[in-house]
>>> print(open('protein-v6.cif').read())   # mmCIF, C-alpha atoms
data_input
loop_
_atom_site.group_PDB
_atom_site.id
_atom_site.type_symbol
_atom_site.label_atom_id
_atom_site.label_comp_id
_atom_site.auth_asym_id
_atom_site.auth_seq_id
_atom_site.Cartn_x
_atom_site.Cartn_y
_atom_site.Cartn_z
ATOM 1 C CA GLU A 57 11.052 136.558 155.485
ATOM 2 C CA ILE A 58 14.756 137.401 155.176
ATOM 3 C CA LEU A 59 14.375 138.998 151.754
ATOM 4 C CA LYS A 60 11.454 141.053 153.020
ATOM 5 C CA GLU A 61 13.330 142.315 156.076
ATOM 6 C CA ILE A 62 16.903 142.545 154.789
ATOM 7 C CA GLY A 63 16.549 143.125 151.067
ATOM 8 C CA ASP A 64 18.893 141.923 148.345
ATOM 9 C CA TYR A 65 20.814 139.289 150.335
ATOM 10 C CA ILE A 66 24.103 138.239 148.661
ATOM 11 C CA VAL A 67 24.915 134.521 148.912
ATOM 12 C CA ASN A 68 28.330 134.639 147.286
ATOM 13 C CA VAL A 69 30.679 137.160 145.664
ATOM 14 C CA ARG A 70 32.412 135.940 142.539
ATOM 15 C CA ILE A 71 36.196 136.313 142.317
ATOM 16 C CA PRO A 72 37.221 138.762 139.550
ATOM 17 C CA ASP A 73 38.760 137.364 136.373
ATOM 18 C CA LYS A 74 41.248 140.245 136.190
ATOM 19 C CA GLN A 75 43.083 141.935 139.051
ATOM 20 C CA THR A 76 43.067 145.501 137.822
ATOM 21 C CA GLU A 77 42.715 148.184 140.474
ATOM 22 C CA LYS A 78 39.178 148.912 139.245
ATOM 23 C CA GLU A 79 38.144 145.223 139.386
ATOM 24 C CA ILE A 80 39.678 144.772 142.839
ATOM 25 C CA LYS A 81 37.854 147.806 144.258
ATOM 26 C CA HIS A 82 34.585 146.546 142.791
ATOM 27 C CA PHE A 83 35.278 143.101 144.297
ATOM 28 C CA VAL A 84 36.032 144.570 147.744
ATOM 29 C CA ASP A 85 32.916 146.776 147.600
ATOM 30 C CA LYS A 86 30.751 143.705 146.958
ATOM 31 C CA LEU A 87 32.453 141.800 149.788
ATOM 32 C CA LEU A 88 31.799 144.688 152.157
ATOM 33 C CA ARG A 89 28.154 144.789 151.100
ATOM 34 C CA GLU A 90 27.809 141.008 151.453
ATOM 35 C CA THR A 91 29.269 141.156 154.981
ATOM 36 C CA GLU A 92 27.028 144.049 156.044
ATOM 37 C CA LEU A 93 23.950 142.146 154.843
ATOM 38 C CA LYS A 94 25.042 138.977 156.649
ATOM 39 C CA TYR A 95 25.442 140.839 159.913
ATOM 40 C CA LYS A 96 22.138 142.599 159.402
ATOM 41 C CA THR A 97 20.514 139.191 158.908
ATOM 42 C CA PHE A 98 22.269 137.852 161.990
ATOM 43 C CA GLU A 99 21.003 140.789 164.069
ATOM 44 C CA TYR A 100 17.446 140.294 162.820
ATOM 45 C CA LEU A 101 17.417 136.573 163.662
ATOM 46 C CA PHE A 102 19.227 137.096 166.971
ATOM 47 C CA LYS A 103 16.606 139.537 168.233
ATOM 48 C CA ARG A 104 13.489 137.708 167.052
ATOM 49 C CA LYS A 105 14.230 134.039 167.748
ATOM 50 C CA GLU A 106 15.131 131.944 170.778
ATOM 51 C CA TRP A 107 18.529 130.308 170.275
ATOM 52 C CA ASP A 108 20.563 127.561 171.912
ATOM 53 C CA PHE A 109 23.202 127.995 169.223
ATOM 54 C CA LEU A 110 23.572 130.626 166.496
ATOM 55 C CA TYR A 111 26.318 130.610 163.880
ATOM 56 C CA VAL A 112 27.329 133.126 161.225
ATOM 57 C CA LEU A 113 30.055 132.674 158.609
ATOM 58 C CA PHE A 114 31.859 135.705 157.176
ATOM 59 C CA MET A 115 33.739 134.789 153.975
ATOM 60 C CA ILE A 116 35.307 138.212 153.532
ATOM 61 C CA PHE A 117 38.735 137.340 155.015
ATOM 62 C CA ASP A 118 38.969 134.051 153.143
ATOM 63 C CA LYS A 119 38.317 135.699 149.784
ATOM 64 C CA VAL A 120 40.439 138.795 150.390
ATOM 65 C CA GLN A 121 43.435 136.846 151.690
ATOM 66 C CA HIS A 122 43.302 134.106 149.058
ATOM 67 C CA ILE A 123 43.051 136.598 146.200
ATOM 68 C CA LEU A 124 44.732 139.768 147.472
ATOM 69 C CA TRP A 125 47.334 138.524 149.942
ATOM 70 C CA LYS A 126 50.223 139.997 147.945
ATOM 71 C CA TYR A 127 48.767 143.468 148.585
ATOM 72 C CA LEU A 128 48.649 142.855 152.357
ATOM 73 C CA ASP A 129 51.847 141.050 153.337
ATOM 74 C CA MET A 130 55.081 143.065 153.347
ATOM 75 C CA ASP A 131 57.061 139.793 153.213
ATOM 76 C CA GLU A 132 55.728 139.052 149.737
ATOM 77 C CA PRO A 133 58.565 139.263 147.150
ATOM 78 C CA ASP A 134 56.488 141.493 144.849
ATOM 79 C CA TYR A 135 54.719 143.460 147.570
ATOM 80 C CA PRO A 136 52.900 146.291 145.736
ATOM 81 C CA MET A 137 51.834 148.573 148.604
ATOM 82 C CA GLY A 138 49.521 151.283 147.366
ATOM 83 C CA GLU A 139 45.871 152.129 146.854
ATOM 84 C CA VAL A 140 44.736 148.483 146.781
ATOM 85 C CA TYR A 141 46.232 147.910 150.251
ATOM 86 C CA LYS A 142 44.488 150.969 151.657
ATOM 87 C CA TYR A 143 41.198 149.896 150.100
ATOM 88 C CA THR A 144 41.412 146.249 151.180
ATOM 89 C CA ILE A 145 42.079 147.228 154.804
ATOM 90 C CA LYS A 146 38.402 148.297 154.929
ATOM 91 C CA CYS A 147 37.494 144.599 155.157
ATOM 92 C CA TYR A 148 39.381 144.219 158.438
ATOM 93 C CA GLN A 149 37.946 147.462 159.775
ATOM 94 C CA LEU A 150 34.397 146.290 159.025
ATOM 95 C CA ILE A 151 34.820 142.949 160.839
ATOM 96 C CA ASP A 152 36.410 144.795 163.783
ATOM 97 C CA ASP A 153 33.376 147.117 163.929
ATOM 98 C CA ILE A 154 30.977 144.142 163.738
ATOM 99 C CA LEU A 155 32.717 142.293 166.575
ATOM 100 C CA GLY A 156 32.757 145.439 168.704
ATOM 101 C CA ASP A 157 29.046 145.937 168.102
ATOM 102 C CA LEU A 158 28.270 142.299 168.866
ATOM 103 C CA LEU A 159 30.237 142.324 172.117
ATOM 104 C CA HIS A 160 28.181 145.281 173.318
ATOM 105 C CA LYS A 161 24.906 143.495 172.527
ATOM 106 C CA ILE A 162 25.477 140.161 174.262
ATOM 107 C CA ASP A 163 25.400 139.602 178.032
ATOM 108 C CA ASP A 164 27.354 137.336 180.363
ATOM 109 C CA ASN A 165 24.940 134.447 179.728
ATOM 110 C CA ILE A 166 26.061 134.193 176.095
ATOM 111 C CA SER A 167 29.361 132.632 175.053
ATOM 112 C CA LEU A 168 30.948 134.093 171.933
ATOM 113 C CA ILE A 169 33.367 131.857 170.033
ATOM 114 C CA ILE A 170 35.424 133.246 167.134
ATOM 115 C CA ILE A 171 37.149 130.639 164.985
ATOM 116 C CA SER A 172 38.883 130.296 161.610
ATOM 117 C CA ASP A 173 39.491 127.150 159.554
ATOM 118 C CA HIS A 174 43.035 128.182 158.598
ATOM 119 C CA GLY A 175 45.550 131.020 158.616
ATOM 120 C CA PHE A 176 47.536 132.802 155.902
ATOM 121 C CA CYS A 177 51.165 133.530 155.102
ATOM 122 C CA SER A 178 53.393 134.274 152.127
ATOM 123 C CA ASN A 179 53.661 131.456 149.593
ATOM 124 C CA LYS A 180 57.274 131.096 148.458
ATOM 125 C CA LYS A 181 57.160 127.451 147.327
ATOM 126 C CA ARG A 182 54.547 125.128 145.841
ATOM 127 C CA CYS A 183 54.279 121.378 145.585
ATOM 128 C CA TYR A 184 52.264 120.134 142.592
ATOM 129 C CA ILE A 185 51.218 116.724 143.875
ATOM 130 C CA ASN A 186 49.685 115.458 140.633
ATOM 131 C CA LEU A 187 52.838 116.405 138.715
ATOM 132 C CA TRP A 188 54.898 114.358 141.172
ATOM 133 C CA LEU A 189 52.443 111.439 140.871
ATOM 134 C CA ALA A 190 52.622 111.606 137.063
ATOM 135 C CA GLU A 191 56.439 111.763 137.033
ATOM 136 C CA ASN A 192 56.571 108.696 139.272
ATOM 137 C CA GLY A 193 54.147 106.628 137.211
ATOM 138 C CA PHE A 194 51.090 106.791 139.479
ATOM 139 C CA LEU A 195 48.949 109.096 137.321
ATOM 140 C CA SER A 196 48.114 109.374 133.599
ATOM 141 C CA ILE A 197 46.665 112.576 132.115
ATOM 142 C CA ASN A 198 44.121 112.638 129.291
ATOM 143 C CA PHE A 199 45.841 115.471 127.414
ATOM 144 C CA LYS A 200 43.291 115.534 124.593
ATOM 145 C CA LYS A 201 40.446 116.301 127.007
ATOM 146 C CA LEU A 202 42.546 118.734 129.037
ATOM 147 C CA ILE A 203 43.714 120.717 125.983
ATOM 148 C CA ARG A 204 40.171 120.833 124.585
ATOM 149 C CA GLU A 205 38.877 122.303 127.854
ATOM 150 C CA LYS A 206 41.725 124.843 128.023
ATOM 151 C CA ILE A 207 40.989 126.005 124.470
ATOM 152 C CA LYS A 208 37.299 126.426 125.334
ATOM 153 C CA ASP A 209 38.242 128.557 128.343
ATOM 154 C CA LYS A 210 40.607 130.724 126.280
ATOM 155 C CA LEU A 211 37.887 131.282 123.675
ATOM 156 C CA GLY A 212 35.381 132.207 126.358
ATOM 157 C CA PHE A 213 33.211 129.095 126.178
ATOM 158 C CA LYS A 214 32.471 128.008 129.718
ATOM 159 C CA SER A 215 31.200 124.521 130.465
ATOM 160 C CA GLU A 216 29.376 125.838 133.554
ATOM 161 C CA LYS A 217 26.986 128.753 133.887
ATOM 162 C CA PHE A 218 28.167 131.160 136.578
ATOM 163 C CA PHE A 219 25.769 133.045 138.812
ATOM 164 C CA GLU A 220 26.792 135.832 141.155
ATOM 165 C CA GLY A 221 24.683 134.467 143.988
ATOM 166 C CA LEU A 222 25.942 130.878 143.837
ATOM 167 C CA PRO A 223 29.368 129.288 144.398
ATOM 168 C CA ILE A 224 31.311 128.446 141.226
ATOM 169 C CA LYS A 225 31.650 124.734 140.590
ATOM 170 C CA VAL A 226 35.292 123.664 140.864
ATOM 171 C CA THR A 227 36.572 121.490 138.038
ATOM 172 C CA LYS A 228 38.050 118.296 139.483
ATOM 173 C CA VAL A 229 41.357 116.887 138.291
ATOM 174 C CA SER A 230 39.637 113.522 137.872
ATOM 175 C CA HIS A 231 37.855 114.906 134.778
ATOM 176 C CA PHE A 232 41.177 114.847 132.912
ATOM 177 C CA LEU A 233 42.652 111.469 133.864
ATOM 178 C CA ASN A 234 43.106 108.147 132.097
ATOM 179 C CA PHE A 235 41.752 106.025 134.923
ATOM 180 C CA ASN A 236 42.822 102.748 133.305
ATOM 181 C CA LYS A 237 46.419 103.930 133.848
ATOM 182 C CA THR A 238 46.014 105.975 137.054
ATOM 183 C CA LYS A 239 46.765 104.463 140.469
ATOM 184 C CA ALA A 240 46.570 107.624 142.580
ATOM 185 C CA TYR A 241 45.561 111.277 142.174
ATOM 186 C CA PHE A 242 44.969 114.478 144.120
ATOM 187 C CA ASN A 243 41.491 115.605 143.094
ATOM 188 C CA SER A 244 41.364 119.206 144.343
ATOM 189 C CA SER A 245 42.664 121.512 147.067
ATOM 190 C CA SER A 246 39.583 120.662 149.152
ATOM 191 C CA SER A 247 39.711 116.876 148.669
ATOM 192 C CA TYR A 248 41.852 116.276 151.777
ATOM 193 C CA GLY A 249 44.527 113.986 150.440
ATOM 194 C CA ILE A 250 45.513 111.581 147.698
ATOM 195 C CA PHE A 251 42.890 109.190 146.317
ATOM 196 C CA ILE A 252 43.843 105.579 145.555
ATOM 197 C CA ASN A 253 42.051 104.230 142.453
ATOM 198 C CA LEU A 254 41.026 100.977 144.144
ATOM 199 C CA LYS A 255 39.617 98.003 142.251
ATOM 200 C CA ASN A 256 36.121 96.799 143.330
ATOM 201 C CA ARG A 257 35.496 100.122 145.073
ATOM 202 C CA ASP A 258 36.050 102.860 142.506
ATOM 203 C CA GLN A 259 34.302 102.815 139.143
ATOM 204 C CA HIS A 260 37.532 102.505 137.127
ATOM 205 C CA GLY A 261 39.726 101.081 139.885
ATOM 206 C CA ILE A 262 42.966 99.345 138.931
ATOM 207 C CA VAL A 263 44.843 99.035 142.261
ATOM 208 C CA GLU A 264 44.493 95.628 143.863
ATOM 209 C CA GLY A 265 43.553 95.459 147.539
ATOM 210 C CA GLY A 266 45.883 94.017 150.145
ATOM 211 C CA GLU A 267 49.624 94.476 149.817
ATOM 212 C CA ASP A 268 49.493 96.651 146.663
ATOM 213 C CA TYR A 269 46.947 98.995 148.270
ATOM 214 C CA ASN A 270 48.676 99.172 151.669
ATOM 215 C CA ARG A 271 52.027 99.932 150.038
#
>>> encode(input="protein-v6.cif", output="structure tokens")
Amino acid sequence: EILKEIGDYIVNVRIPDKQTEKEIKHFVDKLLRETELKYKTFEYLFKRKEWDFLYVLFMIFDKVQHILWKYLDMDEPDYPMGEVYKYTIKCYQLIDDILGDLLHKIDDNISLIIISDHGFCSNKKRCYINLWLAENGFLSINFKKLIREKIKDKLGFKSEKFFEGLPIKVTKVSHFLNFNKTKAYFNSSSSYGIFINLKNRDQHGIVEGGEDYNR
């Protein structure tokens, strides 16, 4: 039904491998198109269905700000204001237009809630948690497996097939650990904390429960 009414719906826009001006403009164009199609789909469903609750997620800000923040924030040390900034601003203008249009279409009986899962700012420092864990004896890296995977990436051999319409699978840190020597690890930026490699719970657990675990 959606494909028939809306057309070539875009599920996900892949992040460019290179940040040349040409690649960035192509990336932004696809994000703009994805967002327009999402809103068009939202409008179609909003008009033709009865709703108690209707939710739409626009990923455009998340992708633009994660990837192109240095072109947007004047506080960035290497702030390169120029054509990319002017082009990327279109993303904000589009969402502003969509919200304005939506506010005109809803009445007083409909509550509109706008929410974000996080904000953005300049990144001047980084904490590499797994490096700290390794330096303090909590984590052991399988360098042979890690180096082999890095070489494959450099040569262009990908272990996963990437499709434009689907999210890219994130490689977990746990793929490159010696679990028989690892007590704790930070699996990925979306894993919400440090994992304890607990015996009798995790497949290769080595940390005893009780005092050792609570410590």
>>> closest_residue(input="protein-v6.cif", among="A:Glu106, A:Glu57, A:Glu267, A:Asp64", to="Lys94 (chain A)", atoms="only C-alpha atoms")
A:Asp64
>>> atom_distance(input="protein-v6.cif", atom1="CA of Ile250 (chain A)", atom2="CA of Asn186 (chain A)")
9.1 Å
>>> closest_residue(input="protein-v6.cif", among="A:Trp107, A:Tyr141, A:Tyr65, A:Tyr241", to="Leu187 (chain A)", atoms="only C-alpha atoms")
A:Tyr241
>>> resolve_selection(input="protein-v6.cif", expression="the PyMOL selection byres ((chain A and resi 139) around 12)", output="VMD selection string")
chain A and resid 76 to 78 80 to 81 127 to 128 136 to 138 140 to 146
>>> residues_around(input="protein-v6.cif", residues="Lys96 (chain A)", least_positions_apart="6", cutoff="12 Å", atoms="all atoms listed in the file", output="count of residues only")
16
>>> resolve_selection(input="protein-v6.cif", expression="the PyMOL selection byres ((chain A and resi 71) around 8)", output="list in words")
Val69, Arg70, Pro72, Asp73, Phe83, Lys119 and Ile123 of chain A
>>> write_last_selection(input="protein-v6.cif", atoms="C-alpha atoms", output="CSV table (one decimal), keeping the file's coordinate frame")
chain,number,residue,atom,x,y,z
A,69,VAL,CA,30.7,137.2,145.7
A,70,ARG,CA,32.4,135.9,142.5
A,72,PRO,CA,37.2,138.8,139.6
A,73,ASP,CA,38.8,137.4,136.4
A,83,PHE,CA,35.3,143.1,144.3
A,119,LYS,CA,38.3,135.7,149.8
A,123,ILE,CA,43.1,136.6,146.2
>>> resolve_selection(input="protein-v6.cif", expression="the PyMOL selection byres ((chain A and resi 189) around 12)", output="list in words")
Cys183, Tyr184, Ile185, Asn186, Leu187, Trp188, Ala190, Glu191, Asn192, Gly193, Phe194, Leu195, Ser196, Ile197, Lys237, Thr238, Lys239, Ala240, Tyr241, Phe242, Asn243, Ile250, Phe251 and Ile252 of chain A
>>> closest_residue(input="protein-v6.cif", among="A:Lys86, A:Lys200, A:Arg182, A:Arg104", to="Val67 (chain A)", atoms="only C-alpha atoms")
A:Lys86
>>> atom_distance(input="protein-v6.cif", atom1="CA of Asn236 (chain A)", atom2="CA of Ile207 (chain A)")
24.9 Å
>>> closest_residue(input="protein-v6.cif", among="A:Asp118, A:Arg204, A:Glu92, A:Asp163", to="Ile151 (chain A)", atoms="all atoms listed in the file")
A:Glu92
>>> atom_distance(input="protein-v6.cif", atom1="CA of Ile203 (chain A)", atom2="CA of His231 (chain A)")
12.1 Å
